[in-house]
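Undergrad: My structure file coords_11.cif, mmCIF, C-alpha atoms, is below:
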data_upload
#
loop_
_atom_site.label_atom_id
_atom_site.label_comp_id
_atom_site.auth_asym_id
_atom_site.auth_seq_id
_atom_site.Cartn_x
_atom_site.Cartn_y
_atom_site.Cartn_z
CA MET X 222 13.03 72.61 7.73
CA THR X 223 14.21 75.16 10.30
CA PRO X 224 16.73 73.61 12.72
CA ASP X 225 15.51 73.26 16.30
CA PRO X 226 17.63 75.75 18.28
CA ARG X 227 17.49 73.45 21.31
CA LYS X 228 19.06 70.62 19.32
CA THR X 229 21.63 72.98 17.78
CA SER X 230 22.58 74.12 21.28
CA LEU X 231 22.85 70.52 22.51
CA LEU X 232 25.09 69.48 19.61
CA ALA X 233 27.35 72.48 20.26
CA ALA X 234 27.57 71.48 23.93
CA LEU X 235 28.45 67.88 23.01
CA ARG X 236 31.28 69.14 20.79
CA ARG X 237 32.58 71.39 23.57
CA ASN X 238 32.55 68.42 25.92
CA GLY X 239 34.76 66.38 23.62
CA ILE X 240 32.40 64.41 21.36
CA ALA X 241 34.29 64.52 18.06
CA ASP X 242 32.91 61.64 15.97
CA GLU X 243 30.87 63.38 13.26
CA ARG X 244 28.92 60.20 12.47
CA VAL X 245 27.75 60.05 16.07
CA LEU X 246 26.82 63.74 16.10
CA GLU X 247 24.92 63.35 12.83
CA ALA X 248 22.99 60.39 14.23
CA ILE X 249 22.04 62.38 17.32
CA GLU X 250 20.98 65.26 15.08
CA LYS X 251 18.70 62.93 13.12
CA VAL X 252 16.89 61.54 16.16
CA PRO X 253 14.17 63.76 17.69
CA ARG X 254 14.71 63.20 21.42
CA GLU X 255 11.32 64.74 22.19
CA VAL X 256 9.71 61.60 20.75
CA PHE X 257 11.38 59.49 23.45
CA VAL X 258 10.75 61.54 26.60
CA GLU X 259 7.58 61.48 28.68
CA ASP X 260 5.06 64.25 27.96
CA ALA X 261 5.64 65.78 31.38
CA PHE X 262 9.28 66.42 30.47
CA SER X 263 8.87 67.49 26.83
CA ASP X 264 10.18 70.96 27.63
CA GLN X 265 13.44 69.33 28.80
CA ALA X 266 13.89 67.06 25.78
CA TYR X 267 17.19 68.71 24.76
CA ALA X 268 18.52 69.45 28.23
CA ASP X 269 21.77 67.55 28.76
CA GLN X 270 20.41 65.49 31.61
CA ALA X 271 18.81 62.14 32.31
CA LEU X 272 15.02 62.11 32.63
CA PRO X 273 12.63 59.63 34.26
CA ILE X 274 10.55 57.25 32.14
CA SER X 275 8.04 54.60 33.17
CA CYS X 276 8.88 51.42 35.11
CA GLY X 277 11.30 53.36 37.31
CA GLN X 278 13.86 53.69 34.51
CA THR X 279 15.51 56.71 32.83
CA ILE X 280 16.40 58.07 29.42
CA SER X 281 20.13 58.72 29.60
CA GLN X 282 21.79 62.12 29.48
CA PRO X 283 22.57 62.99 25.82
CA TYR X 284 26.27 63.39 26.61
CA VAL X 285 26.40 59.85 28.01
CA VAL X 286 24.51 58.50 24.98
CA ALA X 287 26.99 60.27 22.70
CA LEU X 288 30.02 59.11 24.69
CA MET X 289 28.87 55.49 24.84
CA THR X 290 28.05 55.48 21.14
CA GLU X 291 31.39 57.06 20.27
CA GLY X 292 33.14 54.57 22.54
CA LEU X 293 31.56 51.65 20.68
CA ARG X 294 33.28 52.67 17.42
CA VAL X 295 30.32 51.41 15.42
CA GLU X 296 30.73 50.76 11.70
CA SER X 297 27.99 50.61 9.08
CA ASP X 298 28.19 46.83 8.61
CA HIS X 299 28.05 45.98 12.31
CA ARG X 300 25.42 44.01 14.20
CA VAL X 301 24.89 45.62 17.60
CA LEU X 302 23.31 44.10 20.71
CA GLU X 303 21.77 46.60 23.13
CA ILE X 304 20.92 45.52 26.67
CA GLY X 305 18.18 47.80 27.99
CA THR X 306 15.96 49.30 25.29
CA GLY X 307 14.40 51.73 27.74
CA SER X 308 12.82 54.65 25.91
CA GLY X 309 14.33 53.54 22.59
CA TYR X 310 16.42 56.70 22.19
CA GLN X 311 19.83 55.04 22.29
CA THR X 312 18.41 52.33 20.02
CA ALA X 313 17.41 54.94 17.44
CA VAL X 314 20.81 56.62 17.51
CA LEU X 315 22.55 53.28 16.96
CA ALA X 316 20.16 52.39 14.13
CA HIS X 317 21.52 55.31 12.10
CA LEU X 318 25.07 53.99 12.45
CA CYS X 319 25.01 50.23 11.95
CA LYS X 320 23.51 47.43 9.87
CA ARG X 321 21.14 46.17 12.57
CA VAL X 322 20.37 46.69 16.25
CA TYR X 323 19.10 43.85 18.41
CA SER X 324 17.72 45.30 21.63
CA ILE X 325 16.59 43.49 24.79
CA GLU X 326 14.29 45.01 27.42
CA ARG X 327 12.99 43.30 30.57
CA TYR X 328 9.88 45.51 30.81
CA ARG X 329 7.28 44.69 28.15
CA THR X 330 5.66 48.12 28.53
CA LEU X 331 8.91 49.88 27.65
CA SER X 332 9.65 47.55 24.74
CA GLU X 333 6.20 48.03 23.21
CA THR X 334 6.36 51.81 23.58
CA ALA X 335 9.85 51.91 22.07
CA ALA X 336 8.61 49.81 19.13
CA GLU X 337 5.84 52.33 18.46
CA ARG X 338 8.27 55.24 18.59
CA LEU X 339 10.76 53.59 16.26
CA LYS X 340 7.97 52.72 13.82
CA SER X 341 6.76 56.33 13.85
CA LEU X 342 10.26 57.41 12.80
CA LYS X 343 10.38 54.73 10.07
CA ILE X 344 13.40 53.07 11.66
CA LYS X 345 13.31 49.52 10.36
CA ASN X 346 16.72 47.98 11.14
CA VAL X 347 15.89 47.19 14.78
CA THR X 348 14.72 43.90 16.31
CA LEU X 349 13.31 44.07 19.84
CA GLN X 350 12.86 41.31 22.40
CA VAL X 351 11.46 41.14 25.93
CA SER X 352 13.79 38.90 27.92
CA ASP X 353 16.54 38.78 30.54
CA GLY X 354 19.30 41.02 29.20
CA THR X 355 21.93 39.51 31.47
CA LYS X 356 21.78 36.39 29.28
CA GLY X 357 22.19 38.28 26.01
CA TRP X 358 20.79 36.86 22.78
CA VAL X 359 22.61 33.56 22.28
CA GLN X 360 20.71 32.54 19.15
CA LEU X 361 21.95 35.59 17.23
CA ALA X 362 25.49 35.79 18.63
CA PRO X 363 28.23 36.72 18.03
CA PHE X 364 27.81 40.50 17.87
CA ASP X 365 30.30 43.07 16.60
CA ARG X 366 29.30 45.47 19.35
CA ILE X 367 27.41 45.24 22.64
CA ILE X 368 26.13 48.22 24.61
CA VAL X 369 24.70 47.87 28.12
CA THR X 370 22.56 50.71 29.47
CA ALA X 371 22.33 49.52 33.09
CA ALA X 372 25.05 49.02 35.67
CA ALA X 373 26.34 45.47 36.16
CA ARG X 374 28.00 44.26 39.37
CA GLY X 375 30.87 42.84 37.33
CA GLU X 376 31.72 41.87 33.78
CA PRO X 377 28.81 39.68 32.61
CA GLN X 378 30.42 36.51 31.26
CA ALA X 379 27.38 35.65 29.13
CA LEU X 380 27.75 38.94 27.26
CA LEU X 381 31.53 38.66 26.92
CA ASP X 382 31.02 35.24 25.37
CA GLN X 383 28.72 36.77 22.74
CA LEU X 384 31.28 39.30 21.50
CA ALA X 385 32.82 38.54 18.12
CA PRO X 386 36.64 38.46 17.87
CA GLY X 387 37.75 42.09 17.88
CA GLY X 388 34.33 43.06 19.18
CA VAL X 389 33.73 45.90 21.63
CA MET X 390 31.37 46.21 24.59
CA VAL X 391 30.63 49.47 26.40
CA ILE X 392 29.19 48.87 29.85
CA PRO X 393 28.77 50.62 33.21
CA ILE X 394 30.07 48.50 36.09
CA GLU X 395 29.54 48.98 39.82
CA GLU X 396 32.51 47.30 41.46
CA ARG X 397 32.03 49.06 44.80
CA ALA X 398 28.72 50.10 46.34
CA GLY X 399 27.71 53.52 45.06
CA LYS X 400 30.59 53.79 42.58
CA GLN X 401 29.89 53.13 38.92
CA ASP X 402 32.31 53.52 36.04
CA LEU X 403 31.91 53.20 32.29
CA PHE X 404 34.27 50.77 30.57
CA ARG X 405 35.10 49.78 27.01
CA ILE X 406 35.94 46.08 26.80
CA THR X 407 37.58 44.73 23.64
CA ARG X 408 37.81 41.05 22.78
CA THR X 409 41.35 40.25 21.66
CA ALA X 410 43.05 37.09 20.40
CA THR X 411 44.16 36.31 23.95
CA GLY X 412 41.25 37.52 26.08
CA PHE X 413 39.71 40.87 26.96
CA GLU X 414 41.16 44.35 27.40
CA ARG X 415 39.34 46.87 29.60
CA GLU X 416 39.59 50.65 29.31
CA HIS X 417 38.05 53.12 31.78
CA LEU X 418 35.99 55.93 30.24
CA ILE X 419 34.18 58.03 32.87
CA PRO X 420 32.33 57.73 36.22
CA VAL X 421 28.60 57.32 35.62
CA ARG X 422 25.28 56.65 37.33
CA PHE X 423 22.85 54.14 35.84
CA VAL X 424 19.94 52.05 37.07
CA PRO X 425 21.13 48.54 38.02
CA LEU X 426 21.29 45.64 35.58
CA VAL X 427 18.76 43.16 36.96
CA GLU X 428 18.22 39.51 36.09
CA GLY X 429 14.85 38.14 35.07
CA VAL X 430 11.69 39.59 33.51
CA PRO X 431 8.95 41.15 35.68
CA ARG X 432 5.57 39.42 35.49
CA ASP X 433 3.84 42.72 34.75
CA GLY X 434 6.67 44.04 32.55
#
Please rewrite the model in this file as structure tokens.
TA:
Amino acid sequence: MTPDPRKTSLLAALRRNGIADERVLEAIEKVPREVFVEDAFSDQAYADQALPISCGQTISQPYVVALMTEGLRVESDHRVLEIGTGSGYQTAVLAHLCKRVYSIERYRTLSETAAERLKSLKIKNVTLQVSDGTKGWVQLAPFDRIIVTAAARGEPQALLDQLAPGGVMVIPIEERAGKQDLFRITRTATGFEREHLIPVRFVPLVEGVPRDG
């Protein structure tokens, strides 16, 4: 199969911008982003930018997806919890890197569409749920890794509690109005260590599940 020049160009740009984990780059190469964008934006599928999806949400910029995934330091035997399935693109990338992805989405429409996309790509190591992501997935905890794709107002204690010892969470946090930053939080023997990654802009992490979601 002839490589898509748009994808080749994107991967080269990710490398230039510091993404060095070859497993992450290979996963991104395997996932056709055009499957996860809305038809109106199909011509921008490999542009390094966020794009709108339904329910007022977005599919993240590929660089941010790559950086967050690299920051997670995912291993093949890990169980990963994703908060915010969205389009399913980040979910698909993670599925190529770990044992299983458990992904929570508050909008039923998005979750059902993501399920169809993942099925079309024969990705089978993903379990989806429509629920309040701020509460995590207590029944299946602890998780080796947690990734949050919406900005929290602080460190969500419910999610911290569901991290396994030595586990890592990558999460955008808005500690001051209009200022969001991406952090890697590691659970240690004595508590949690937080490391700043980059400034970011995400939709807010919201409690609850919409009636029509």
Undergrad: Can you measure atom CA of X:Asp242 to atom CA of X:Val286 for me? One decimal in Å is fine.
TA: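 Computing it gives 12.7 Å between the two atoms.
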Undergrad: Give as JSON, numbers by chain the residues that the PyMOL selection byres ((chain X and resi 324) around 9) matches when applied to the coordinates above.
TA: {"X": [301, 302, 303, 304, 305, 306, 309, 312, 322, 323, 325, 326, 332, 347, 348, 349, 350, 351, 354]}
Undergrad: In terms of the shortest atom-to-atom distance over only C-alpha atoms, which of X:Ile344, X:Ile392, X:Leu403, X:Leu426 is closest to X:Lys251?
TA: X:Ile344
Undergrad: Hey, what comes out of the PyMOL selection byres ((chain X and resi 329) around 10) on this file? Could you write it as a ChimeraX atom specification?
TA: /X:276,325-328,330-335,350-352,430-434
Undergrad: Work out how far atom CA of X:Ala372 is from atom CA of X:Met390, in Å to one decimal.
TA: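 We find that atom CA of X:Met390 and atom CA of X:Ala372 lie 13.1 Å from each other.
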Undergrad: List the neighbours of X:Thr290 out to 9 Å using only C-alpha atoms; skip same-chain residues closer than 2 positions along the sequence, and give me the result as a PyMOL selection string.
TA: chain X and resi 245+285-288+292-295+311+314-315+368+391
Undergrad: Grab the residues selected above and save them as a CSV table (one decimal), in the coordinates of the input with C-alpha atoms.
TA:
chain,number,residue,atom,x,y,z
X,245,VAL,CA,27.8,60.0,16.1
X,285,VAL,CA,26.4,59.8,28.0
X,286,VAL,CA,24.5,58.5,25.0
X,287,ALA,CA,27.0,60.3,22.7
X,288,LEU,CA,30.0,59.1,24.7
X,292,GLY,CA,33.1,54.6,22.5
X,293,LEU,CA,31.6,51.6,20.7
X,294,ARG,CA,33.3,52.7,17.4
X,295,VAL,CA,30.3,51.4,15.4
X,311,GLN,CA,19.8,55.0,22.3
X,314,VAL,CA,20.8,56.6,17.5
X,315,LEU,CA,22.6,53.3,17.0
X,368,ILE,CA,26.1,48.2,24.6
X,391,VAL,CA,30.6,49.5,26.4
Undergrad: Which value, in Å to one decimal, gives the distance between atom CA of X:Leu361 and atom CA of X:Gln383?
TA: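 Interatomic distance here is 8.8 Å.
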Undergrad: Just the residues within 9 Å of X:Lys320, please, counting all atoms listed in the file, with nothing from its chain fewer than 3 positions along; format it as a ChimeraX atom specification.
TA: /X:296-301,316-317,346
Undergrad: Care to translate the PyMOL selection byres ((chain X and resi 419) around 12) into actual residues of this file, as a PyMOL selection string?
TA: chain X and resi 284-285+288-289+292+391-394+400-405+416-418+420-422
Undergrad: For a quick check of your reading of the model, name the residues lying within 9 Å of the coordinate (33.3, 39.1, 19.1), counting all atoms listed in the file, and write them as a list in words.
TA: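 Every polymer residue passing the test: Ala362, Pro363, Phe364, Asp365, Arg366, Leu381, Asp382, Gln383, Leu384, Ala385, Pro386, Gly387, Gly388, Val389, Thr407, Arg408 and Thr409 of chain X.
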Undergrad: Find, counting only C-alpha atoms, the residue in X:Arg374, X:Lys343, X:Gly429, X:Phe423 that gets nearest to X:Pro273.
TA: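 Closest to X:Pro273 of all the choices is X:Phe423.
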Undergrad: Smallest atom-to-atom distance to X:Ala379: which of X:Glu395, X:Asp353, X:Glu247, X:Asp260, using only C-alpha atoms?
TA: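 Closest to X:Ala379 of all the choices is X:Asp353.
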Undergrad: Could you check which of X:Ser230, X:Ala241, X:Ser308, X:Leu342 is closest to X:Ile274, using only C-alpha atoms?
TA: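 Looking at the shortest contact to X:Ile274, the residue is X:Ser308.
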Undergrad: When distances are computed from all atoms listed in the file, which of X:Ala398, X:Arg321, X:Ala233, X:Ala268 shows the smallest separation from X:Ser281?
TA: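 Checking each of X:Ala398, X:Arg321, X:Ala233, X:Ala268 against X:Ser281, counting all atoms listed in the file, the winner is X:Ala268.
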Undergrad: For stretch 373-388 of chain X, I'd like the enclosing box, axis-aligned and padded by 6 Å on every side, reported as JSON with centre and edge lengths in Å to one decimal.
TA:
{"center_x": 32.0, "center_y": 40.4, "center_z": 28.6, "size_x": 23.4, "size_y": 22.2, "size_z": 33.5}
Undergrad: When you count only C-alpha atoms, which of these residues is closest to X:Gln278: X:Leu231, X:Ala410, X:Ala266, X:Ala371?
TA: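 Result for the nearest residue to X:Gln278: X:Ala371.
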Undergrad: How about completing stretch 255-273 of chain X with N, CA and C atoms and giving it to me as a compact mmCIF listing (two decimals), in the frame of the given file?
TA:
# COMPACT_ATOMS: atom_id res chain seq x y z
N GLU X 255 12.62 64.46 21.61
CA GLU X 255 11.32 64.74 22.19
C GLU X 255 10.34 63.58 22.00
N VAL X 256 10.57 62.76 20.98
CA VAL X 256 9.71 61.60 20.75
C VAL X 256 9.88 60.56 21.86
N PHE X 257 11.03 60.55 22.51
CA PHE X 257 11.38 59.49 23.45
C PHE X 257 11.24 59.88 24.92
N VAL X 258 10.92 61.13 25.20
CA VAL X 258 10.75 61.54 26.60
C VAL X 258 9.26 61.53 26.95
N GLU X 259 8.96 61.43 28.23
CA GLU X 259 7.58 61.48 28.68
C GLU X 259 7.01 62.88 28.46
N ASP X 260 5.70 62.96 28.24
CA ASP X 260 5.06 64.25 27.96
C ASP X 260 5.35 65.30 29.03
N ALA X 261 5.41 64.84 30.27
CA ALA X 261 5.64 65.78 31.38
C ALA X 261 7.00 66.46 31.32
N PHE X 262 7.92 65.87 30.55
CA PHE X 262 9.28 66.42 30.47
C PHE X 262 9.63 66.90 29.06
N SER X 263 8.62 67.11 28.23
CA SER X 263 8.87 67.49 26.83
C SER X 263 9.65 68.79 26.72
N ASP X 264 9.46 69.69 27.69
CA ASP X 264 10.18 70.96 27.63
C ASP X 264 11.66 70.79 27.96
N GLN X 265 12.04 69.60 28.46
CA GLN X 265 13.44 69.33 28.80
C GLN X 265 14.09 68.32 27.85
N ALA X 266 13.44 68.11 26.70
CA ALA X 266 13.89 67.06 25.78
C ALA X 266 15.34 67.24 25.35
N TYR X 267 15.82 68.47 25.23
CA TYR X 267 17.19 68.71 24.76
C TYR X 267 18.10 69.25 25.86
N ALA X 268 17.63 69.15 27.10
CA ALA X 268 18.52 69.45 28.23
C ALA X 268 19.51 68.30 28.34
N ASP X 269 20.75 68.60 28.66
CA ASP X 269 21.77 67.55 28.76
C ASP X 269 21.69 66.91 30.14
N GLN X 270 20.61 66.16 30.34
CA GLN X 270 20.41 65.49 31.61
C GLN X 270 19.53 64.26 31.41
N ALA X 271 19.67 63.31 32.32
CA ALA X 271 18.81 62.14 32.31
C ALA X 271 17.41 62.53 32.76
N LEU X 272 16.40 61.82 32.26
CA LEU X 272 15.02 62.11 32.63
C LEU X 272 14.31 60.81 32.98
N PRO X 273 13.35 60.86 33.90
CA PRO X 273 12.63 59.63 34.26
C PRO X 273 11.68 59.18 33.15
